[in-house]
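Asker: So that you have it, the file is run.cif, and it contains mmCIF, C-alpha atoms:
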```
data_my_file
loop_
_atom_site.group_PDB
_atom_site.id
_atom_site.type_symbol
_atom_site.label_atom_id
_atom_site.label_comp_id
_atom_site.auth_asym_id
_atom_site.auth_seq_id
_atom_site.Cartn_x
_atom_site.Cartn_y
_atom_site.Cartn_z
ATOM 1 C CA MET A 4 -57.891 85.624 132.461
ATOM 2 C CA THR A 5 -56.471 82.175 131.885
ATOM 3 C CA ALA A 6 -54.355 82.213 135.033
ATOM 4 C CA THR A 7 -57.300 82.896 137.308
ATOM 5 C CA ALA A 8 -59.489 80.365 135.493
ATOM 6 C CA HIS A 9 -56.737 77.785 135.935
ATOM 7 C CA GLU A 10 -56.492 78.609 139.608
ATOM 8 C CA VAL A 11 -60.227 78.284 140.148
ATOM 9 C CA VAL A 12 -60.408 74.920 138.390
ATOM 10 C CA ALA A 13 -57.338 73.645 140.231
ATOM 11 C CA THR A 14 -58.749 74.728 143.581
ATOM 12 C CA VAL A 15 -62.033 72.936 142.905
ATOM 13 C CA ILE A 16 -60.242 69.730 141.887
ATOM 14 C CA ALA A 17 -57.950 69.961 144.907
ATOM 15 C CA GLY A 18 -61.014 70.276 147.128
ATOM 16 C CA LEU A 19 -62.534 67.163 145.584
ATOM 17 C CA LEU A 20 -59.298 65.238 146.078
ATOM 18 C CA LEU A 21 -58.980 66.464 149.655
ATOM 19 C CA ALA A 22 -62.501 65.318 150.504
ATOM 20 C CA ALA A 23 -61.833 61.953 148.849
ATOM 21 C CA GLY A 24 -58.583 61.557 150.772
ATOM 22 C CA LEU A 25 -60.311 62.382 154.058
ATOM 23 C CA MET A 26 -63.036 59.808 153.452
ATOM 24 C CA VAL A 27 -60.548 57.140 152.414
ATOM 25 C CA THR A 28 -58.449 57.849 155.506
ATOM 26 C CA LEU A 29 -61.564 57.571 157.649
ATOM 27 C CA ARG A 30 -62.243 54.137 156.170
ATOM 28 C CA MET A 31 -58.636 53.189 156.848
ATOM 29 C CA VAL A 32 -59.051 54.195 160.493
ATOM 30 C CA LEU A 33 -62.480 52.599 160.919
ATOM 31 C CA GLY A 34 -62.017 49.593 158.665
ATOM 32 C CA PRO A 35 -63.139 46.507 160.556
ATOM 33 C CA SER A 36 -60.667 44.150 158.891
ATOM 34 C CA THR A 37 -57.103 44.351 157.654
ATOM 35 C CA LEU A 38 -58.294 43.851 154.089
ATOM 36 C CA ASP A 39 -60.515 46.932 154.316
ATOM 37 C CA ARG A 40 -57.480 48.900 155.369
ATOM 38 C CA ALA A 41 -55.438 47.476 152.481
ATOM 39 C CA VAL A 42 -58.132 48.479 149.995
ATOM 40 C CA ALA A 43 -58.322 51.937 151.550
ATOM 41 C CA LEU A 44 -54.533 52.248 151.352
ATOM 42 C CA ASP A 45 -54.636 51.460 147.645
ATOM 43 C CA ALA A 46 -57.335 54.063 147.085
ATOM 44 C CA LEU A 47 -55.346 56.590 149.125
ATOM 45 C CA VAL A 48 -52.277 56.017 146.953
ATOM 46 C CA ALA A 49 -54.441 56.594 143.872
ATOM 47 C CA VAL A 50 -55.790 59.845 145.332
ATOM 48 C CA VAL A 51 -52.275 61.036 146.190
ATOM 49 C CA MET A 52 -51.147 60.219 142.661
ATOM 50 C CA ALA A 53 -54.039 62.248 141.267
ATOM 51 C CA GLY A 54 -52.997 65.114 143.530
ATOM 52 C CA ILE A 55 -49.413 64.968 142.272
ATOM 53 C CA GLY A 56 -50.690 64.942 138.679
ATOM 54 C CA LEU A 57 -52.808 67.999 139.417
ATOM 55 C CA GLN A 58 -49.878 69.773 141.048
ATOM 56 C CA THR A 59 -47.675 69.030 138.044
ATOM 57 C CA ALA A 60 -50.339 70.419 135.721
ATOM 58 C CA VAL A 61 -50.835 73.610 137.735
ATOM 59 C CA ARG A 62 -47.209 74.454 138.452
ATOM 60 C CA GLY A 63 -46.090 73.382 134.989
ATOM 61 C CA ASN A 64 -42.882 71.802 136.262
ATOM 62 C CA ALA A 65 -42.092 68.136 136.079
ATOM 63 C CA PHE A 66 -40.189 67.857 139.336
ATOM 64 C CA TYR A 67 -42.608 65.381 140.949
ATOM 65 C CA LEU A 68 -43.257 63.157 137.941
ATOM 66 C CA PRO A 69 -40.644 60.552 139.014
ATOM 67 C CA VAL A 70 -42.486 60.324 142.352
ATOM 68 C CA LEU A 71 -45.607 59.497 140.372
ATOM 69 C CA LEU A 72 -43.698 56.810 138.505
ATOM 70 C CA VAL A 73 -42.375 55.233 141.703
ATOM 71 C CA LEU A 74 -45.837 55.284 143.280
ATOM 72 C CA SER A 75 -47.312 53.542 140.268
ATOM 73 C CA PHE A 76 -44.585 50.898 140.581
ATOM 74 C CA LEU A 77 -44.778 50.349 144.308
ATOM 75 C CA GLY A 78 -48.279 51.431 145.269
ATOM 76 C CA PHE A 79 -49.593 47.901 144.984
ATOM 77 C CA THR A 80 -46.919 46.119 147.013
ATOM 78 C CA GLY A 81 -48.541 47.038 150.327
ATOM 79 C CA SER A 82 -51.888 45.464 149.616
ATOM 80 C CA VAL A 83 -50.280 42.452 147.927
ATOM 81 C CA GLY A 84 -48.161 41.911 151.028
ATOM 82 C CA VAL A 85 -51.156 42.213 153.338
ATOM 83 C CA ALA A 86 -53.224 39.840 151.190
ATOM 84 C CA ARG A 87 -50.414 37.304 151.063
ATOM 85 C CA PHE A 88 -49.901 37.540 154.818
ATOM 86 C CA MET A 89 -53.579 36.881 155.437
ATOM 87 C CA ALA A 90 -53.547 33.943 153.021
ATOM 88 C CA LEU A 91 -50.599 32.411 154.870
ATOM 89 C CA ARG A 92 -52.305 32.807 158.228
ATOM 90 C CA ASP A 93 -55.393 31.257 156.697
ATOM 91 C CA GLU A 94 -53.408 28.311 155.383
ATOM 92 C CA ALA A 95 -51.770 27.661 158.723
ATOM 93 C CA GLY A 96 -55.230 27.118 160.170
ATOM 94 C CA THR A 97 -55.031 29.882 162.718
ATOM 95 C CA GLY A 98 -58.188 31.469 161.369
ATOM 96 C CA ASP A 99 -58.548 35.214 161.273
ATOM 97 C CA VAL A 100 -55.873 37.793 161.712
ATOM 98 C CA ASP A 101 -58.421 40.232 163.083
ATOM 99 C CA GLU A 102 -60.517 39.538 166.117
ATOM 100 C CA SER A 103 -63.511 40.596 164.122
ATOM 101 C CA GLN A 104 -66.849 38.866 164.504
ATOM 102 C CA ASP A 105 -68.337 38.831 161.043
ATOM 103 C CA THR A 106 -67.097 35.446 159.866
ATOM 104 C CA GLY A 107 -70.086 33.163 159.784
ATOM 105 C CA GLU A 108 -70.332 29.436 159.222
ATOM 106 C CA GLU A 109 -69.981 29.825 155.462
ATOM 107 C CA GLY A 110 -66.779 31.643 156.148
ATOM 108 C CA GLY A 111 -65.499 28.710 158.174
ATOM 109 C CA GLY A 112 -66.399 26.279 155.406
ATOM 110 C CA ASP A 113 -64.679 28.431 152.841
ATOM 111 C CA GLN A 114 -61.651 28.568 155.042
ATOM 112 C CA ASP A 115 -61.385 24.808 155.173
ATOM 113 C CA ASN A 116 -61.781 24.525 151.425
ATOM 114 C CA GLY A 117 -59.295 27.307 150.945
ATOM 115 C CA ALA A 118 -56.704 25.650 153.141
ATOM 116 C CA ALA A 119 -57.139 22.334 151.351
ATOM 117 C CA GLY A 120 -56.927 23.900 147.916
ATOM 118 C CA ASP A 121 -54.140 26.284 148.594
ATOM 119 C CA ALA A 122 -51.694 24.312 150.675
ATOM 120 C CA ARG A 123 -50.520 22.206 147.788
ATOM 121 C CA ASP A 124 -48.765 24.997 145.937
ATOM 122 C CA ALA A 125 -47.294 26.575 149.036
ATOM 123 C CA GLU A 126 -44.296 25.440 150.954
ATOM 124 C CA GLU A 127 -46.134 24.365 154.115
ATOM 125 C CA PRO A 128 -45.462 27.207 156.553
ATOM 126 C CA GLY A 129 -44.645 25.940 160.029
ATOM 127 C CA ARG A 130 -47.887 24.178 160.803
ATOM 128 C CA ARG A 131 -48.311 23.190 164.397
ATOM 129 C CA PRO A 132 -49.791 19.752 165.043
ATOM 130 C CA GLY A 133 -53.349 19.626 166.226
ATOM 131 C CA GLN A 134 -54.262 22.644 164.151
ATOM 132 C CA GLY A 135 -55.659 22.935 160.687
ATOM 133 C CA PRO A 136 -57.919 20.524 158.889
ATOM 134 C CA ARG A 137 -55.267 18.340 157.314
ATOM 135 C CA GLU A 138 -52.885 17.353 160.070
ATOM 136 C CA ALA A 139 -53.683 13.656 159.444
ATOM 137 C CA ARG A 140 -51.454 13.654 156.425
ATOM 138 C CA MET B 7 -59.789 80.491 120.019
ATOM 139 C CA ASN B 8 -56.445 78.816 119.435
ATOM 140 C CA TRP B 9 -55.637 75.218 120.188
ATOM 141 C CA THR B 10 -53.888 75.876 123.501
ATOM 142 C CA ALA B 11 -57.082 77.295 124.965
ATOM 143 C CA VAL B 12 -58.968 74.256 123.693
ATOM 144 C CA ALA B 13 -56.379 71.974 125.289
ATOM 145 C CA ASP B 14 -56.648 73.902 128.559
ATOM 146 C CA VAL B 15 -60.407 73.552 128.690
ATOM 147 C CA ALA B 16 -60.276 69.864 127.747
ATOM 148 C CA GLY B 17 -57.598 69.230 130.383
ATOM 149 C CA ALA B 18 -59.678 70.993 133.010
ATOM 150 C CA VAL B 19 -62.692 68.860 132.125
ATOM 151 C CA PHE B 20 -60.631 65.658 132.259
ATOM 152 C CA MET B 21 -59.074 66.516 135.617
ATOM 153 C CA LEU B 22 -62.438 67.539 137.029
ATOM 154 C CA ALA B 23 -63.887 64.182 135.986
ATOM 155 C CA GLY B 24 -60.945 62.411 137.629
ATOM 156 C CA GLY B 25 -61.459 64.373 140.834
ATOM 157 C CA VAL B 26 -65.157 63.483 140.867
ATOM 158 C CA LEU B 27 -64.261 59.802 140.437
ATOM 159 C CA CYS B 28 -61.870 60.030 143.401
ATOM 160 C CA LEU B 29 -64.621 61.615 145.486
ATOM 161 C CA LEU B 30 -67.043 58.861 144.475
ATOM 162 C CA ALA B 31 -64.485 56.276 145.551
ATOM 163 C CA GLY B 32 -64.252 57.944 148.953
ATOM 164 C CA ILE B 33 -68.026 57.945 149.372
ATOM 165 C CA GLY B 34 -68.257 54.339 148.223
ATOM 166 C CA LEU B 35 -65.512 53.232 150.599
ATOM 167 C CA LEU B 36 -67.379 54.807 153.490
ATOM 168 C CA ARG B 37 -70.856 53.546 152.652
ATOM 169 C CA LEU B 38 -70.511 50.084 151.088
ATOM 170 C CA PRO B 39 -70.830 47.093 153.431
ATOM 171 C CA ASP B 40 -68.005 44.581 152.834
ATOM 172 C CA VAL B 41 -64.550 44.156 151.339
ATOM 173 C CA LEU B 42 -65.560 43.100 147.829
ATOM 174 C CA THR B 43 -68.010 45.967 147.321
ATOM 175 C CA ARG B 44 -65.511 48.404 148.790
ATOM 176 C CA MET B 45 -62.965 47.107 146.284
ATOM 177 C CA HIS B 46 -65.506 47.834 143.559
ATOM 178 C CA ALA B 47 -65.569 51.455 144.695
ATOM 179 C CA ALA B 48 -61.849 51.762 145.366
ATOM 180 C CA THR B 49 -60.684 50.559 141.954
ATOM 181 C CA LYS B 50 -62.420 53.442 140.155
ATOM 182 C CA PRO B 51 -59.774 56.097 140.876
ATOM 183 C CA GLN B 52 -56.990 53.528 140.601
ATOM 184 C CA SER B 53 -57.549 52.932 136.911
ATOM 185 C CA PHE B 54 -60.019 55.280 135.254
ATOM 186 C CA GLY B 55 -59.861 58.290 137.548
ATOM 187 C CA LEU B 56 -56.089 58.374 137.584
ATOM 188 C CA LEU B 57 -55.954 57.986 133.798
ATOM 189 C CA LEU B 58 -58.337 60.929 133.421
ATOM 190 C CA VAL B 59 -56.194 63.077 135.706
ATOM 191 C CA LEU B 60 -53.044 62.054 133.827
ATOM 192 C CA VAL B 61 -54.609 62.918 130.435
ATOM 193 C CA GLY B 62 -55.749 66.265 131.771
ATOM 194 C CA SER B 63 -52.327 66.913 133.262
ATOM 195 C CA GLY B 64 -50.689 66.068 129.943
ATOM 196 C CA LEU B 65 -53.046 68.469 128.160
ATOM 197 C CA TRP B 66 -51.934 71.254 130.501
ATOM 198 C CA VAL B 67 -48.210 70.475 130.549
ATOM 199 C CA ARG B 68 -47.719 69.867 126.792
ATOM 200 C CA SER B 69 -44.053 68.858 126.806
ATOM 201 C CA LEU B 70 -42.932 65.689 125.107
ATOM 202 C CA VAL B 71 -40.738 64.275 127.904
ATOM 203 C CA ASP B 72 -43.413 64.825 130.540
ATOM 204 C CA LEU B 73 -46.004 63.233 128.273
ATOM 205 C CA GLY B 74 -43.767 60.164 128.022
ATOM 206 C CA ILE B 75 -43.487 59.891 131.793
ATOM 207 C CA LEU B 76 -47.240 60.340 132.194
ATOM 208 C CA LEU B 77 -47.830 57.579 129.649
ATOM 209 C CA LEU B 78 -45.463 55.288 131.547
ATOM 210 C CA VAL B 79 -47.257 56.052 134.812
ATOM 211 C CA GLY B 80 -50.593 55.155 133.243
ATOM 212 C CA LEU B 81 -49.236 51.925 131.792
ATOM 213 C CA PHE B 82 -47.672 50.792 135.074
ATOM 214 C CA GLN B 83 -50.807 51.674 136.990
ATOM 215 C CA LEU B 84 -52.894 49.597 134.588
ATOM 216 C CA ALA B 85 -50.409 46.733 134.946
ATOM 217 C CA THR B 86 -50.111 46.703 138.737
ATOM 218 C CA SER B 87 -53.527 47.566 140.148
ATOM 219 C CA PRO B 88 -55.255 44.380 138.862
ATOM 220 C CA VAL B 89 -52.610 42.297 140.641
ATOM 221 C CA ALA B 90 -53.358 43.953 143.952
ATOM 222 C CA ALA B 91 -57.111 43.707 143.407
ATOM 223 C CA HIS B 92 -56.809 40.018 142.561
ATOM 224 C CA MET B 93 -54.788 39.231 145.679
ATOM 225 C CA VAL B 94 -57.049 41.224 147.978
ATOM 226 C CA GLY B 95 -60.204 39.713 146.512
ATOM 227 C CA ARG B 96 -58.806 36.218 146.857
ATOM 228 C CA ALA B 97 -57.857 36.816 150.484
ATOM 229 C CA ALA B 98 -61.297 38.304 151.140
ATOM 230 C CA TYR B 99 -62.965 35.202 149.702
ATOM 231 C CA ARG B 100 -60.748 32.817 151.624
ATOM 232 C CA THR B 101 -61.336 34.548 154.939
ATOM 233 C CA GLY B 102 -65.070 34.682 154.284
ATOM 234 C CA ARG B 103 -65.486 38.435 154.401
ATOM 235 C CA MET B 104 -68.473 38.699 152.132
ATOM 236 C CA ASP B 105 -72.159 37.925 151.857
ATOM 237 C CA SER B 106 -72.382 34.467 150.334
ATOM 238 C CA GLU B 107 -76.104 34.965 149.681
ATOM 239 C CA ASP B 108 -75.530 38.000 147.499
ATOM 240 C CA ILE B 109 -73.318 36.202 145.023
ATOM 241 C CA VAL B 110 -75.143 35.095 141.899
ATOM 242 C CA LEU B 111 -72.459 32.841 140.490
ATOM 243 C CA ASP B 112 -69.632 31.405 142.608
ATOM 244 C CA GLU B 113 -67.262 29.557 140.325
ATOM 245 C CA LEU B 114 -64.401 29.609 142.821
ATOM 246 C CA GLU B 115 -66.380 27.558 145.323
ATOM 247 C CA GLU B 116 -66.945 24.817 142.716
ATOM 248 C CA ALA B 117 -63.288 24.840 141.801
ATOM 249 C CA LEU B 118 -62.257 24.640 145.446
ATOM 250 C CA ARG B 119 -64.630 21.755 146.068
ATOM 251 C CA ARG B 120 -63.265 19.902 143.045
ATOM 252 C CA ALA B 121 -59.704 20.501 144.242
ATOM 253 C CA ALA B 122 -60.576 19.263 147.725
ATOM 254 C CA ALA B 123 -62.144 16.084 146.302
ATOM 255 C CA GLU B 124 -59.071 15.472 144.185
ATOM 256 C CA ASP B 125 -56.896 15.973 147.242
ATOM 257 C CA GLU B 126 -58.994 13.487 149.155
ATOM 258 C CA ARG B 127 -58.594 10.878 146.438
ATOM 259 C CA GLU B 128 -54.850 11.387 146.374
ATOM 260 C CA ASN B 129 -54.740 11.098 150.141
ATOM 261 C CA ARG B 130 -56.532 7.784 150.129
ATOM 262 C CA ARG B 131 -54.235 6.304 147.536
#
```
Let me see the file written as structure tokens.
Answerer:
Amino acid sequence: MTATAHEVVATVIAGLLLAAGLMVTLRMVLGPSTLDRAVALDALVAVVMAGIGLQTAVRGNAFYLPVLLVLSFLGFTGSVGVARFMALRDEAGTGDVDESQDTGEEGGGDQDNGAAGDARDAEEPGRRPGQGPREAR
Amino acid sequence: MNWTAVADVAGAVFMLAGGVLCLLAGIGLLRLPDVLTRMHAATKPQSFGLLLVLVGSGLWVRSLVDLGILLLVGLFQLATSPVAAHMVGRAAYRTGRMDSEDIVLDELEEALRRAAAEDERENRR
């Protein structure tokens, strides 16, 4: 009795995780900006980790638990790298990485403030003259 | 009803709740409008949903070594996912990917303005 009950529950949970993974992947494909894709990648890693946890519970062997450990270590490096890359591009005054259209005037103002506030603690990445708000310095 | 059956049922309930949270994150990622609200949806399975699945998995596995590894996984996940969320949110703010009208309190804008004014003063000196 218990084996079949376990199988039914595990199948239901696997279906939920599969649907979640499909939707997250769809957002990663559609995502209008790079940051949307980074967020979706994080969520996808979380869903995969949940799937590995479920598989460990159902099979009862711990073969994939180190994979879970490594994913929890390194799952965040991707989005941190993407966020840092975008911040650097922002600092250098080149504006958006994406060619997306949804940055309004407030966005531009925030960008200027952001560049002014953030450039002091960074090591001035190769800024071309004539670009960026602070080339007078 | 012995305690292993109780643990099995409790583990099933925990894992089911975790799966539902993952599904909700998928729906939220598809339907919400901008990066910050999508982050709000996406961080549910990263912390709480994954912890629920790990607790349920531990209740089914019931071996001490595996429980230790599951605990470590939960701890590292709780330690690393806020870092990523912080960086992504900061980049989203700086690149202006959000509705400025929807924000009730924007403390970062004040701080940035103060920092810019300070910079200006230092420049003039």
Asker: I'd like the interatomic distance between atom CA of B:Leu42 and atom CA of B:Val79, to a tenth of an Å.
Answerer: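 Computing it gives 25.9 Å between the two atoms.
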Asker: Between atom CA of A:Leu71 and atom CA of B:Gly64, what is the spacing in Å?
Answerer: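 Separation of atom CA of B:Gly64 and atom CA of A:Leu71: 13.3 Å.
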Asker: Which residues, named as in the file, does the PyMOL selection byres ((chain B and resi 22) around 10) pick out? Answer as a list in words.
Answerer: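 So the PyMOL selection byres ((chain B and resi 22) around 10) ends up selecting Val12, Ala13, Val15, Ile16, Ala17, Leu19, Leu20 and Leu57 of chain A; Ala16, Gly17, Ala18, Val19, Phe20, Met21, Ala23, Gly24, Gly25, Val26, Leu27, Cys28, Gly55, Leu58, Val59 and Gly62 of chain B.
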Asker: For the file shown, report as an MDAnalysis selection string the outcome of the PyMOL selection byres ((chain B) within 7 of (chain A)) at residue level.
Answerer: chainID B and resid 18 22 25:26 28:29 32:33 35:36 41 45 48 51:52 56 59:60 63 66:67 72 75 79 82:83 86:87 90 93:94 97:98 100:103 118:119 121:122
Asker: Neighbourhood query: residues within 12 Å of (-52.0, 74.2, 121.8), file coordinates, counting only C-alpha atoms; return as a ChimeraX atom specification.
Answerer: /B:7-17,64-69
Asker: So how many Å separate atom CA of B:Thr43 and atom CA of B:Leu30, to one decimal?
Answerer: 13.2 Å
Asker: Which residue, B:Asp125, B:Gly34, B:Leu81, B:Leu114, has the smallest gap to B:Gly95 when you use all atoms listed in the file?
Answerer: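 That would be B:Leu114, the residue with the smallest distance to B:Gly95.
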Asker: Return as AutoDock Vina command-line options the centre and edge lengths, in Å with one decimal, of the box along x, y and z that encloses every atom of stretch 84-95 of chain B in the file, padded by 8 Å per side.
Answerer:
```
--center_x -55.2 --center_y 44.4 --center_z 141.3 --size_x 26.1 --size_y 26.4 --size_z 29.4
```
